[in-house]
$ cat work.tsv   # TSV, C-alpha atoms
chain	number	residue	atom	x	y	z
A	497	MET	CA	25.88	44.09	-30.20
A	498	TYR	CA	22.28	44.57	-29.18
A	499	VAL	CA	21.07	43.02	-25.93
A	500	TRP	CA	20.06	39.73	-27.62
A	501	GLY	CA	23.68	39.11	-28.62
A	502	ARG	CA	24.77	39.86	-25.08
A	503	MET	CA	22.08	37.53	-23.75
A	504	ALA	CA	23.24	34.74	-26.07
A	505	ARG	CA	26.87	35.22	-24.96
A	506	MET	CA	25.77	35.04	-21.30
A	507	VAL	CA	23.79	31.84	-21.87
A	508	LEU	CA	26.63	30.20	-23.83
A	509	THR	CA	29.19	31.01	-21.12
A	510	ALA	CA	26.99	30.29	-18.07
A	511	ARG	CA	28.32	26.78	-17.52
A	512	SER	CA	31.97	27.91	-17.64
A	513	ARG	CA	31.26	30.50	-14.93
A	514	GLY	CA	30.04	27.82	-12.51
A	515	ARG	CA	26.93	27.30	-10.46
A	516	TYR	CA	25.45	30.30	-8.67
A	517	ARG	CA	25.12	29.90	-4.91
A	518	MET	CA	23.17	32.23	-2.67
A	519	GLY	CA	25.51	34.99	-1.55
A	520	ASP	CA	27.59	34.80	-4.75
A	521	GLU	CA	27.59	37.45	-7.43
A	522	SER	CA	27.14	37.38	-11.17
A	523	ARG	CA	29.81	39.50	-12.87
A	524	LEU	CA	29.37	40.18	-16.58
A	525	SER	CA	31.67	42.41	-18.61
A	526	PHE	CA	30.47	44.74	-21.35
A	527	ARG	CA	31.58	47.63	-23.51
A	528	CYS	CA	29.38	50.67	-24.19
A	529	LEU	CA	28.54	50.39	-27.88
A	530	PRO	CA	27.00	52.89	-30.32
A	531	SER	CA	23.66	51.03	-30.01
A	532	ASP	CA	23.74	51.72	-26.23
A	533	ILE	CA	24.13	55.49	-26.20
A	534	ASP	CA	21.87	58.51	-26.12
A	535	THR	CA	22.49	62.01	-27.45
A	536	ASN	CA	24.94	62.66	-24.60
A	537	MET	CA	27.19	59.88	-25.96
A	538	HIS	CA	26.85	57.78	-22.80
A	539	LEU	CA	24.97	54.65	-21.79
A	540	ASN	CA	21.24	55.30	-22.14
A	541	ASN	CA	19.13	54.89	-18.99
A	542	ALA	CA	16.99	52.16	-20.57
A	543	ARG	CA	20.08	50.12	-21.43
A	544	TYR	CA	21.04	49.97	-17.75
A	545	LEU	CA	17.78	48.16	-17.03
A	546	MET	CA	18.23	45.79	-19.97
A	547	LEU	CA	21.74	44.88	-18.86
A	548	ALA	CA	20.49	44.38	-15.29
A	549	ASP	CA	18.03	41.88	-16.82
A	550	VAL	CA	20.97	39.98	-18.34
A	551	GLY	CA	22.64	39.81	-14.92
A	552	ARG	CA	19.45	38.65	-13.23
A	553	ILE	CA	18.80	35.98	-15.88
A	554	ASP	CA	22.41	34.80	-15.46
A	555	ILE	CA	21.67	34.19	-11.77
A	556	PHE	CA	18.42	32.37	-12.57
A	557	ILE	CA	20.16	30.09	-15.09
A	558	ARG	CA	23.26	29.36	-13.01
A	559	ALA	CA	21.24	28.73	-9.83
A	560	GLY	CA	19.14	26.15	-11.69
A	561	LEU	CA	15.97	28.16	-11.21
A	562	LEU	CA	14.93	28.49	-14.87
A	563	GLY	CA	14.90	24.75	-15.53
A	564	HIS	CA	13.22	24.08	-12.19
A	565	ALA	CA	10.60	26.76	-12.83
A	566	ARG	CA	9.73	25.50	-16.30
A	567	LYS	CA	9.00	22.00	-14.95
A	568	ARG	CA	6.56	23.46	-12.40
A	569	GLY	CA	4.89	26.07	-14.58
A	570	TRP	CA	6.60	28.93	-12.75
A	571	GLY	CA	7.99	32.12	-14.21
A	572	PRO	CA	10.27	34.78	-12.73
A	573	MET	CA	8.50	38.15	-12.67
A	574	MET	CA	9.82	41.63	-12.04
A	575	GLY	CA	7.92	43.65	-9.51
A	576	GLY	CA	9.71	46.96	-9.47
A	577	VAL	CA	12.96	48.75	-10.05
A	578	GLN	CA	14.80	51.81	-8.81
A	579	ALA	CA	18.00	53.15	-10.33
A	580	VAL	CA	20.51	55.77	-9.32
A	581	TYR	CA	23.18	57.06	-11.71
A	582	VAL	CA	26.36	58.49	-10.19
A	583	ARG	CA	28.93	58.34	-13.02
A	584	GLU	CA	28.46	58.15	-16.75
A	585	ILE	CA	29.56	55.24	-18.90
A	586	ARG	CA	30.93	56.81	-22.07
A	587	LEU	CA	30.94	55.32	-25.55
A	588	TRP	CA	33.48	52.46	-25.96
A	589	LYS	CA	34.22	52.24	-22.22
A	590	ARG	CA	34.35	48.83	-20.55
A	591	PHE	CA	32.28	48.12	-17.45
A	592	ASP	CA	30.98	45.20	-15.40
A	593	VAL	CA	27.47	44.52	-14.18
A	594	VAL	CA	27.69	42.87	-10.76
A	595	SER	CA	24.35	41.28	-9.84
A	596	THR	CA	23.39	39.79	-6.49
A	597	LEU	CA	20.34	38.45	-4.71
A	598	GLU	CA	20.42	40.41	-1.48
A	599	THR	CA	17.58	39.05	0.65
A	600	TRP	CA	13.93	38.10	0.56
A	601	GLU	CA	10.69	38.25	2.49
A	602	GLY	CA	7.72	36.07	1.68
A	603	ALA	CA	7.45	35.84	-2.09
A	604	GLN	CA	9.56	38.95	-2.77
A	605	VAL	CA	13.31	38.87	-3.45
A	606	ILE	CA	15.53	41.96	-3.53
A	607	GLY	CA	18.20	42.09	-6.21
A	608	ARG	CA	21.04	44.54	-6.71
A	609	HIS	CA	22.89	45.37	-9.93
A	610	ARG	CA	26.01	47.51	-9.63
A	611	PHE	CA	27.55	48.97	-12.79
A	612	VAL	CA	31.29	49.13	-12.17
A	613	LEU	CA	33.81	51.11	-14.23
A	614	GLU	CA	37.30	49.77	-14.99
A	615	GLY	CA	38.81	51.68	-12.05
A	616	GLY	CA	36.33	50.08	-9.61
A	617	GLU	CA	34.04	53.11	-9.29
A	618	THR	CA	30.29	52.55	-9.26
A	619	ALA	CA	28.58	54.21	-12.21
A	620	ALA	CA	25.04	53.18	-11.28
A	621	LEU	CA	23.10	51.05	-8.85
A	622	VAL	CA	19.86	49.34	-9.76
A	623	MET	CA	17.70	47.71	-7.08
A	624	THR	CA	14.92	45.33	-8.06
A	625	THR	CA	12.12	43.42	-6.45
A	626	ALA	CA	10.96	40.25	-8.10
A	627	GLY	CA	9.18	37.01	-7.47
A	628	VAL	CA	8.42	33.68	-9.05
A	629	TYR	CA	4.84	33.27	-10.23
A	630	ASP	CA	3.10	29.89	-10.23
A	631	PHE	CA	0.86	30.10	-13.30
A	632	ARG	CA	-1.06	26.94	-12.36
A	633	ALA	CA	-1.85	28.00	-8.78
A	634	ARG	CA	-2.14	31.70	-9.77
A	635	ARG	CA	0.06	32.91	-6.90
A	636	PHE	CA	3.61	33.93	-6.14
A	637	VAL	CA	5.78	31.19	-4.68
A	638	PRO	CA	7.39	31.83	-1.27
A	639	ILE	CA	11.12	32.32	-1.80
A	640	ASP	CA	11.95	29.98	1.12
A	641	GLN	CA	10.15	27.20	-0.79
A	642	ILE	CA	12.18	27.90	-3.94
A	643	VAL	CA	15.47	28.01	-2.02
A	644	GLY	CA	14.57	24.69	-0.35
A	645	GLU	CA	13.63	23.05	-3.65
A	646	LEU	CA	16.99	24.16	-5.08
A	647	GLY	CA	18.63	22.20	-2.25
A	648	HIS	CA	19.66	25.07	0.03
A	649	SER	CA	18.92	25.81	3.65
A	650	ILE	CA	19.48	29.55	4.02
A	651	THR	CA	17.97	32.11	6.33
A	652	PRO	CA	17.83	35.50	4.61
A	653	ARG	CA	19.30	38.49	6.39
A	654	PRO	CA	16.85	41.21	7.42
A	655	PRO	CA	16.40	43.89	4.75
A	656	SER	CA	18.54	46.99	5.21
A	657	GLU	CA	16.90	50.35	5.85
A	658	GLU	CA	17.34	51.26	2.16
A	659	GLU	CA	15.79	47.96	1.06
A	660	ARG	CA	12.82	48.47	3.42
A	661	ILE	CA	12.28	51.99	2.04
A	662	PHE	CA	12.46	50.58	-1.51
A	663	MET	CA	9.95	47.83	-0.68
A	664	ALA	CA	7.56	50.31	0.96
A	665	SER	CA	7.86	52.72	-1.97
A	666	HIS	CA	7.22	49.87	-4.39
A	667	ALA	CA	4.13	48.77	-2.44
A	668	GLY	CA	2.81	52.36	-2.46
A	669	LEU	CA	3.36	52.78	-6.20
A	670	ARG	CA	1.69	49.44	-6.82
A	671	ARG	CA	-1.40	50.56	-4.88
A	672	LEU	CA	-1.41	53.80	-6.86
A	673	ALA	CA	-1.15	51.94	-10.18
A	674	LYS	CA	-4.04	49.66	-9.22
A	675	GLY	CA	-6.17	52.63	-8.23
A	676	ASP	CA	-6.49	51.63	-4.57
$ encode --input "work.tsv" --output "structure tokens"
Amino acid sequence: MYVWGRMARMVLTARSRGRYRMGDESRLSFRCLPSDIDTNMHLNNARYLMLADVGRIDIFIRAGLLGHARKRGWGPMMGGVQAVYVREIRLWKRFDVVSTLETWEGAQVIGRHRFVLEGGETAALVMTTAGVYDFRARRFVPIDQIVGELGHSITPRPPSEEERIFMASHAGLRRLAKGD
């Protein structure tokens, strides 16, 4: 089942998995299929990122953000990603993608996607930075504003050392890409 089938399954089951609240996790179960593998017969590195997308979209849908964003002309946008692979996911093996929103600063939110094998071991960890873009105002929306409009009053925890390093690295790569 290619990623679109997995995306459809996630959307169709979102309501039965309940509303997402800040601090919760999205846990989606998958099996490594022949369409997922590379020549080493394990989950291909690009597929990890696609499945992390499914977990992130699950959070956006279950939190009510997608419907809210569409009404206001907003769109969730990825900013950057970093992945580390520590165990392989072999063909036909089951695994979960556990996605969380970790913290935020300004208009940037840090997400984490942990790929968990059946025995509980982490196979990979993907960290993302993202934001919500206001296409009408041509700016990124402060995350505190979004959280408030979703009916929550939450103070984010300070980013961890690893998250700060990731954010700094992302900012440096962004400057490099823009030619600054």
$ closest_residue --input "work.tsv" --among "A:Leu539, A:Ala559, A:Val612, A:Met663" --to "A:Trp600" --atoms "all atoms listed in the file"
A:Met663
$ closest_residue --input "work.tsv" --among "A:Leu621, A:Ile642, A:Leu597, A:Ala667" --to "A:Val580" --atoms "only C-alpha atoms"
A:Leu621
$ atom_distance --input "work.tsv" --atom1 "atom CA of A:Trp500" --atom2 "atom CA of A:Phe631"
25.8 Å
$ closest_residue --input "work.tsv" --among "A:Ile555, A:Met573, A:Glu657, A:Glu584" --to "A:Gly514" --atoms "only C-alpha atoms"
A:Ile555
$ closest_residue --input "work.tsv" --among "A:Val593, A:Asp554, A:Met546, A:Leu587" --to "A:Leu524" --atoms "all atoms listed in the file"
A:Val593
$ atom_distance --input "work.tsv" --atom1 "atom CA of A:Arg527" --atom2 "atom CA of A:Leu561"
27.8 Å
$ closest_residue --input "work.tsv" --among "A:Arg635, A:Gln578, A:Glu614, A:Ala620" --to "A:Gly602" --atoms "only C-alpha atoms"
A:Arg635
$ residues_around --input "work.tsv" --residues "A:Val507" --least-positions-apart "2" --cutoff "12 Å" --atoms "all atoms listed in the file" --output "ChimeraX atom specification"
/A:500-505,509-514,524,550-558,562
$ closest_residue --input "work.tsv" --among "A:Asp676, A:Ala603, A:Tyr581, A:Met623" --to "A:Ile661" --atoms "only C-alpha atoms"
A:Met623
$ residues_around --input "work.tsv" --residues "A:Thr625" --least-positions-apart "5" --cutoff "7 Å" --atoms "all atoms listed in the file" --output "list in words"
Met574, Gly575, Gly576, Val577, Gln604, Val605, Ile606 and Gly607 of chain A
$ atom_distance --input "work.tsv" --atom1 "atom CA of A:Arg590" --atom2 "atom CA of A:Asp520"
22.2 Å
